[in-house]
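Only one structure is covered here, and it is reproduced in the block below.
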Amino acid sequence: MADKIYYPNSELAKNAHCKSLEQYRKMHDRSVNNPVAFWSEIAKEFYWETPAAEDKFFSYNFDLTKGDIFIKWLEGASTNISFNLLDKNVKSGNGDKIAFYWEGNDPDDYSRLTYRKLLEEVCRFANVLKSKGVTKGDRVAIYMPMILELPIVMLACTRIGAVHSVVFGGYSSDSLAERILDSKAKILVTSDGVWRGEKLLILKNICDDALNKVKKNGHVVECCVVVAHLRRLNNPQGTKPDTTGKTNGVNGTSNGNAPELPEIKWDDDRDVWWHDEMEEAEDKCYPVWMNAEDPLFILYTSGSTGKPKGVLHTTGGYLIYAATTFKYVFDYHPGDVYWCTADIGWITGHTYVVYGPLANGATSIIFEGTPFYPGNDRYWAVIDKYKVTQFYTAPTAIRSLMKFGDDLVKKHNLSTLKVLGSVGEPINPEAWLWFYNLVGHGKCSIADTFWQTETGGHVITPIPGATPMKPGSATFPFFGVLPEILDEDGHLVEGEGEGYLVFRQPWPGMMRSLYGNHQRFQSTYFDKFHGYYCTGDGARRDADGYFWITGRVDDMLNVSGHLMSTAEVESVLTEHTSVAEAAVVSKPHPIKGQCLYCFVTPNEGAEFDKKLQSELKTRVREKIGPFAQPDVIQHAPGLPKTRSGKIMRRVLRKIAAGDRNVGDVSTLADETIVDLLFQLRPQV
Ligand code: 6R9
């Protein structure tokens, strides 16, 4: 089943930016053999205050034995990202085009922003930042929900050359404090709170806790700007929110009977309301011209050891890479309505909610809510409402929606869809086929986009009009990207084979360093195999040259000398009609070295019993081989996931080993699941 090839729909291919596999190959060859020619042509589509010097367009060192690692693109060029995303679109006649539709948690709560209005708001907030003393190079921490003010703050930073550091609005105050301290942010922007589904989060109070911790550690954030998001509807005259009273407006309960808002903490010397500041601010702000290699943003990603890593992206290369991947991977055309469900607090939201779409003058959706509110068909309802043409989401969301059956999907008109995207983890063929057949009516291309916070944009991905797809394979490299597979000793695996996924040379959008810690950058990514960027993921290349991401290298299992990936086993388990989701970890085994311990979430209504356990064992044995037969299949009503939906296998490994010492679980979306899984642990 997984090896069947799905060809791009010929209608889609006819009008696509890249129309055939042959065209893709030609473009890819040129992009890696002559990167300067390839990318300088693309750079010409953007505005540069000073153009790049041709002879300094691209330089790098990936080999630690030859000196420090560096990556530079478009040296000498200067530009401003907000100018390219906003002014350029307004000047070219797109001022009245919708940049963002905003769809609130409550379906009755929505709004929109045109390119012209977005530019004005960005300029106004840039002036607010300036009035608070923020200048080029200063860091601005952002802890906000999915509201229109969030991209406004990010772009206002880029307007004046400040470096934004967005912290996902679901992180704890400890995590927020740690990130603010690491980046030494001068100012913090947040909102009073947000409804997510039926849950109310008081973000401002989390900020207060965080800022107190930051202060105790010797750093002072001078100002905290607060958007009156919950309180915004208390303005009968439509002027200013009433920040003193209780909310009476749209909220997670959708019935108009808003519960009273808990009070928020306030420090008069530090805190200001967004609307008070914006009222006075001018809606014009001359852009600060930035060098192509000036920092654009910091985004923290978890490291395998403790402290989060502040991945640093710069201006020029990131702009052209975000723009180009968006254009080709989603095959965006004027008139399309694109929707990426990722939170802006993650890299997917940075590159494919904010930068990539705006760089293409696109119209897209920012969604505040969850897939399950007010009903489990919310995603399909939103696609129907806005006539979405490109829909980009995560396998974990797809699997959790599959559980509710097909009727919820069929109820809505999804016929406008052309391209479906997937990101964040390997997509199992079962989920791929459901997405393809049911959501995409068998006529949409699926872009299974492999990339990382560090890579800035897609690096291995199908191109909708060009790439024949295999369910579960991220297929081929994007333009400018040269992947290789290495064995444990660093030898190239040629042709078919499996091993470490590495990249041989940089593309414009890759990270430049870890903020304030270039040493850690070098040792994390460039020390294992000299001359290559090491992704930390495993991959397999099949006989047709397709790449299959097998999961983090630390998720690799070695059972009796057989190397296998957790993803491989999980995909067999989820093929069973009673299984909604599965996560596989290794458990130490006296004879085999490691054995397989599987956590299985049954579908709604399905029984988790001895019969299912034995069927699953047999199935894995049959599909992969006798060596792969799981030792344990445990019932898991839910899995421990981070707020971005990644399964925390580290925690599952502890449960499998019966070790209560699970470590830090504060980044889990639901911490209670850990106890529940310990209770359900079979005696083995
Ligand atoms: C964009 C993003 C990066 C890690 C990456 C890999 C996994 C992401 C994937 C995928 C298989 C895909 N990953 N996309 N694995 N197929 N299409 O998710 O960034 O949060 O930094 O995570 O996610 O393991 O190394 P980030």
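Order determines the names: the first chain of the structure tokens is A, the second B, and so forth; residues in each chain are numbered 1 upward, and ligands are numbered 1 upward as they are shown.
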Requested in this report: List the neighbours of Phe404 (chain A) out to 10 Å using only C-alpha atoms; skip same-chain residues closer than 3 positions along the sequence, and give me the result as a list of chain:residue names.
Outcome: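 Counting only C-alpha atoms, the residues come to A:Asn376, A:Asp377, A:Arg399, A:Ser400, A:Leu401, A:Asp407, A:Leu408, A:Val409, A:Ala580, A:Asn603, A:Glu604.
Look at Thr325 (chain A): the protein and nucleic acid residues within 8 Å of it, using only C-alpha atoms and passing over chain neighbours fewer than 4 places away, are Tyr321, Val329, Phe330, Gly356, Gly457, His458 and Phe478 of chain A.
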Please write the residues from the selection above to a file, keeping N, CA and C atoms, as a compact mmCIF listing (two decimals), in the first residue's frame.
```
# COMPACT_ATOMS: atom_id res chain seq x y z
N TYR A 321 14.33 32.57 1.13
CA TYR A 321 14.02 31.14 1.27
C TYR A 321 12.56 30.93 1.70
N VAL A 329 6.15 25.13 -2.79
CA VAL A 329 5.65 23.96 -2.06
C VAL A 329 4.13 24.01 -1.90
N PHE A 330 3.58 25.22 -1.82
CA PHE A 330 2.12 25.31 -1.76
C PHE A 330 1.53 25.72 -3.11
N GLY A 356 6.48 33.74 4.82
CA GLY A 356 6.32 33.20 3.46
C GLY A 356 5.08 33.73 2.74
N GLY A 457 13.10 26.75 6.71
CA GLY A 457 12.05 26.46 5.75
C GLY A 457 12.15 25.00 5.33
N HIS A 458 11.23 24.59 4.46
CA HIS A 458 11.20 23.20 3.99
C HIS A 458 12.54 22.80 3.38
N PHE A 478 14.37 20.21 -1.54
CA PHE A 478 13.97 21.49 -2.14
C PHE A 478 15.19 22.11 -2.83
```
Selection near Val288 (chain A), 9 Å with only C-alpha atoms, sequence-local residues under 4 positions removed, as a PDB file with N, CA, C and O atoms, in the first residue's frame:
```pdb
ATOM      1  N   THR A  79      18.391  45.582   3.205  1.00  0.00           N
ATOM      2  CA  THR A  79      16.969  45.586   2.882  1.00  0.00           C
ATOM      3  C   THR A  79      16.171  45.739   4.171  1.00  0.00           C
ATOM      4  O   THR A  79      16.759  45.877   5.249  1.00  0.00           O
ATOM      5  N   ASN A  80      14.866  45.730   4.040  1.00  0.00           N
ATOM      6  CA  ASN A  80      14.015  45.675   5.220  1.00  0.00           C
ATOM      7  C   ASN A  80      12.873  44.700   4.910  1.00  0.00           C
ATOM      8  O   ASN A  80      12.213  44.823   3.882  1.00  0.00           O
ATOM      9  N   LYS A 136      17.554  49.207  16.944  1.00  0.00           N
ATOM     10  CA  LYS A 136      18.133  48.116  16.160  1.00  0.00           C
ATOM     11  C   LYS A 136      18.958  47.168  17.033  1.00  0.00           C
ATOM     12  O   LYS A 136      19.803  47.619  17.805  1.00  0.00           O
ATOM     13  N   THR A 158      10.748  44.059  12.836  1.00  0.00           N
ATOM     14  CA  THR A 158      11.597  44.052  11.641  1.00  0.00           C
ATOM     15  C   THR A 158      11.665  45.458  11.029  1.00  0.00           C
ATOM     16  O   THR A 158      12.651  45.799  10.394  1.00  0.00           O
ATOM     17  N   ARG A 159      10.619  46.259  11.228  1.00  0.00           N
ATOM     18  CA  ARG A 159      10.613  47.622  10.680  1.00  0.00           C
ATOM     19  C   ARG A 159      11.791  48.436  11.217  1.00  0.00           C
ATOM     20  O   ARG A 159      12.393  49.226  10.523  1.00  0.00           O
ATOM     21  N   ILE A 160      12.100  48.237  12.517  1.00  0.00           N
ATOM     22  CA  ILE A 160      13.141  49.054  13.147  1.00  0.00           C
ATOM     23  C   ILE A 160      14.399  48.238  13.472  1.00  0.00           C
ATOM     24  O   ILE A 160      15.291  48.706  14.160  1.00  0.00           O
ATOM     25  N   GLY A 161      14.426  46.997  12.985  1.00  0.00           N
ATOM     26  CA  GLY A 161      15.643  46.190  13.174  1.00  0.00           C
ATOM     27  C   GLY A 161      15.765  45.545  14.536  1.00  0.00           C
ATOM     28  O   GLY A 161      16.824  45.046  14.908  1.00  0.00           O
TER      29      GLY A 161
END
```
Report task. Choose the residue, out of A:Ala474, A:Ala582, A:Val134, A:Leu482, that has the smallest atom-to-atom separation from Asp29 (chain A); count only C-alpha atoms. Result ->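 For Asp29 (chain A), the nearest of the candidates is A:Leu482.
Residue nearest Asp267 (chain A) within the list A:Leu113, A:Val226, A:Ala567, A:Ala77: A:Val226 [criterion: smallest interatomic distance, only C-alpha atoms].
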Requested in this report: Step by step, measure atom-to-atom distances between ligand 1 and each residue using only C-alpha atoms and all ligand atoms, keep those at most 7 Å, then write them as a PyMOL selection string.
Outcome: chain A and resi 301+346-348+422-427+448-454+474+535-537+549-552
Would you write out those residues with N, CA, C and O atoms, as a CSV table (one decimal), in the first residue's frame?
```csv
chain,number,residue,atom,x,y,z
A,301,THR,N,14.2,26.3,20.6
A,301,THR,CA,13.8,24.9,20.3
A,301,THR,C,14.4,24.0,21.4
A,301,THR,O,15.5,24.3,21.9
A,346,TRP,N,5.6,28.6,16.9
A,346,TRP,CA,6.6,27.6,16.4
A,346,TRP,C,7.1,28.1,15.1
A,346,TRP,O,6.6,29.0,14.4
A,347,ILE,N,8.2,27.4,14.6
A,347,ILE,CA,8.8,27.9,13.4
A,347,ILE,C,7.8,27.8,12.2
A,347,ILE,O,7.9,28.6,11.3
A,348,THR,N,7.0,26.8,12.2
A,348,THR,CA,6.0,26.7,11.1
A,348,THR,C,5.2,27.9,11.0
A,348,THR,O,4.9,28.4,9.9
A,422,SER,N,1.7,18.7,5.3
A,422,SER,CA,1.8,18.0,6.6
A,422,SER,C,3.2,18.4,7.1
A,422,SER,O,4.2,18.5,6.3
A,423,VAL,N,3.3,18.5,8.4
A,423,VAL,CA,4.6,18.9,9.0
A,423,VAL,C,4.7,18.5,10.4
A,423,VAL,O,3.7,18.4,11.1
A,424,GLY,N,5.9,18.3,10.9
A,424,GLY,CA,6.1,18.1,12.3
A,424,GLY,C,6.6,16.7,12.7
A,424,GLY,O,7.3,16.6,13.7
A,425,GLU,N,6.2,15.8,12.0
A,425,GLU,CA,6.6,14.4,12.3
A,425,GLU,C,6.3,13.5,11.1
A,425,GLU,O,5.6,14.0,10.2
A,426,PRO,N,6.9,12.3,11.1
A,426,PRO,CA,6.6,11.5,9.9
A,426,PRO,C,5.1,11.2,9.9
A,426,PRO,O,4.4,11.0,10.9
A,427,ILE,N,4.5,11.3,8.7
A,427,ILE,CA,3.1,11.0,8.6
A,427,ILE,C,2.9,9.5,8.2
A,427,ILE,O,3.5,9.1,7.2
A,448,ASP,N,4.3,16.5,2.1
A,448,ASP,CA,4.8,16.1,3.4
A,448,ASP,C,6.2,16.8,3.6
A,448,ASP,O,7.2,16.3,3.1
A,449,THR,N,6.2,17.9,4.3
A,449,THR,CA,7.3,18.8,4.3
A,449,THR,C,8.2,18.4,5.5
A,449,THR,O,7.8,18.6,6.7
A,450,PHE,N,9.4,18.0,5.2
A,450,PHE,CA,10.4,17.7,6.3
A,450,PHE,C,11.2,19.0,6.5
A,450,PHE,O,11.8,19.5,5.5
A,451,TRP,N,11.3,19.5,7.7
A,451,TRP,CA,12.2,20.6,8.0
A,451,TRP,C,12.3,20.8,9.5
A,451,TRP,O,11.7,20.0,10.3
A,452,GLN,N,13.0,21.8,9.9
A,452,GLN,CA,13.3,22.0,11.4
A,452,GLN,C,13.3,23.5,11.7
A,452,GLN,O,13.5,24.3,10.8
A,453,THR,N,13.2,23.8,13.0
A,453,THR,CA,13.4,25.2,13.4
A,453,THR,C,14.7,25.7,12.8
A,453,THR,O,14.8,26.8,12.3
A,454,GLU,N,15.7,24.9,12.8
A,454,GLU,CA,17.1,25.2,12.4
A,454,GLU,C,17.1,25.4,10.9
A,454,GLU,O,18.0,26.2,10.4
A,474,ALA,N,8.8,12.0,2.4
A,474,ALA,CA,9.0,13.4,2.2
A,474,ALA,C,9.6,13.7,0.8
A,474,ALA,O,9.7,14.8,0.4
A,535,THR,N,21.3,16.7,11.1
A,535,THR,CA,19.9,17.1,11.4
A,535,THR,C,19.4,16.4,12.8
A,535,THR,O,18.5,16.9,13.4
A,536,GLY,N,20.1,15.3,13.1
A,536,GLY,CA,19.6,14.6,14.3
A,536,GLY,C,18.5,13.6,13.9
A,536,GLY,O,17.9,13.0,14.8
A,537,ASP,N,18.1,13.6,12.6
A,537,ASP,CA,17.1,12.6,12.2
A,537,ASP,C,17.7,11.5,11.4
A,537,ASP,O,18.8,11.7,10.8
A,549,ILE,N,11.9,9.9,6.1
A,549,ILE,CA,12.4,10.3,7.4
A,549,ILE,C,12.0,9.2,8.4
A,549,ILE,O,10.8,8.9,8.5
A,550,THR,N,13.0,8.7,9.1
A,550,THR,CA,12.6,7.6,10.0
A,550,THR,C,12.5,8.0,11.5
A,550,THR,O,12.3,7.2,12.4
A,551,GLY,N,12.6,9.3,11.7
A,551,GLY,CA,12.4,9.8,13.1
A,551,GLY,C,13.7,10.3,13.7
A,551,GLY,O,14.8,10.1,13.1
A,552,ARG,N,13.7,10.9,14.8
A,552,ARG,CA,14.9,11.3,15.5
A,552,ARG,C,15.9,10.2,15.6
A,552,ARG,O,15.4,9.0,15.9
```
Query raised in the report: Near region 41-45 of chain A, counting only C-alpha atoms, which residues have an atom at most 10 Å away, once you skip same-chain residues fewer than 4 positions from it, shown as a VMD selection string?
Result: chain A and resid 35 to 37 51 to 52 74 84 316 to 317 319 to 321 323 to 324
Query - Tyr525 (chain A) surroundings by only C-alpha atoms, 12 Å radius, close-in-sequence under 2 positions cut, as a count of residues only - result: 33
Mind dumping a table of every region 109-169 of chain A residue within 10 Å of region 92-104 of chain A, with the nearest atom pair and its distance in Å to one decimal, using only C-alpha atoms, sorted by chain and rising number, as a tab-separated table?
```
residue	atom	partner	partner_atom	distance
A:Asp109	CA	A:Gly104	CA	5.0
A:Tyr110	CA	A:Glu103	CA	4.6
A:Ser111	CA	A:Trp102	CA	5.1
A:Arg112	CA	A:Tyr101	CA	4.3
A:Leu113	CA	A:Phe100	CA	5.4
A:Thr114	CA	A:Ile98	CA	4.1
A:Tyr115	CA	A:Gly95	CA	4.9
A:Arg116	CA	A:Gly95	CA	4.5
A:Lys117	CA	A:Gly95	CA	7.9
A:Leu118	CA	A:Ala99	CA	7.6
A:Leu119	CA	A:Gly95	CA	9.0
A:Met146	CA	A:Gly104	CA	8.6
A:Ile147	CA	A:Trp102	CA	7.2
A:Leu148	CA	A:Trp102	CA	6.9
A:Pro151	CA	A:Phe100	CA	9.8
```
Query raised in the report: Given the choices A:Arg621, A:Phe479, A:Glu494, A:Pro626, which gets closest to His28 (chain A) if the distance is worked out from only C-alpha atoms?
Result: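 Of A:Arg621, A:Phe479, A:Glu494, A:Pro626, the one nearest His28 (chain A), counting only C-alpha atoms, is A:Phe479.
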Report task. Could you tell me which of A:Val665, A:Val419, A:Leu486, A:Leu573 comes closest to Ile647 (chain A) if we count only C-alpha atoms? Result -> A:Val665
Requested in this report: Go through A:Glu498, A:Asp670, A:Glu581, A:Asp55 and flag the residue nearest Arg541 (chain A), using only C-alpha atoms for the distances.
Outcome: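 Between A:Glu498, A:Asp670, A:Glu581, A:Asp55, the residue approaching Arg541 (chain A) most closely is A:Glu498.
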Query raised in the report: Using only C-alpha atoms, which residue out of A:Ile460, A:Leu230, A:Ala281, A:Leu312 lies closest to Gly516 (chain A)?
Result: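 Closest residue, counting only C-alpha atoms: A:Leu312.
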Requested in this report: Please give the complete set of residues from region 117-276 of chain A that DSSP, run on the backbone, assigns to helix (DSSP H, G or I), formatted as a ChimeraX atom specification.
Outcome: /A:117-131,149-160,173-183,203-216,231-233,274-276
Report task. Find the spatial neighbours of Ser364 (chain A), counting only C-alpha atoms, within a cut-off of 10 Å - ignore same-chain residues fewer than 3 positions away - and output them as number ranges by chain. Result -> A: 98-102, 112, 336-340, 352-354, 357-358, 361, 367, 386, 388-390
Name the residues in contact with His164 (chain A) at a cut-off of 6 Å, using only C-alpha atoms, excluding same-chain residues fewer than 3 positions from it; report them as an mmCIF file with C-alpha atoms, in the first residue's frame.
```cif
data_model
loop_
_atom_site.group_PDB
_atom_site.id
_atom_site.type_symbol
_atom_site.label_atom_id
_atom_site.label_comp_id
_atom_site.auth_asym_id
_atom_site.auth_seq_id
_atom_site.Cartn_x
_atom_site.Cartn_y
_atom_site.Cartn_z
ATOM 1 C CA ARG A 139 15.413 41.864 21.608
ATOM 2 C CA VAL A 140 11.641 41.964 21.962
ATOM 3 C CA PHE A 297 14.637 36.591 15.039
#
```
Query - Point-to-point distance in Å for CA of Trp274 (chain A) and CA of Thr190 (chain A) - result: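 Computing it gives 9.2 Å between the two atoms.
Interatomic distance, CA of Asn33 (chain A) to CA of Ala292 (chain A): 22.5 Å.
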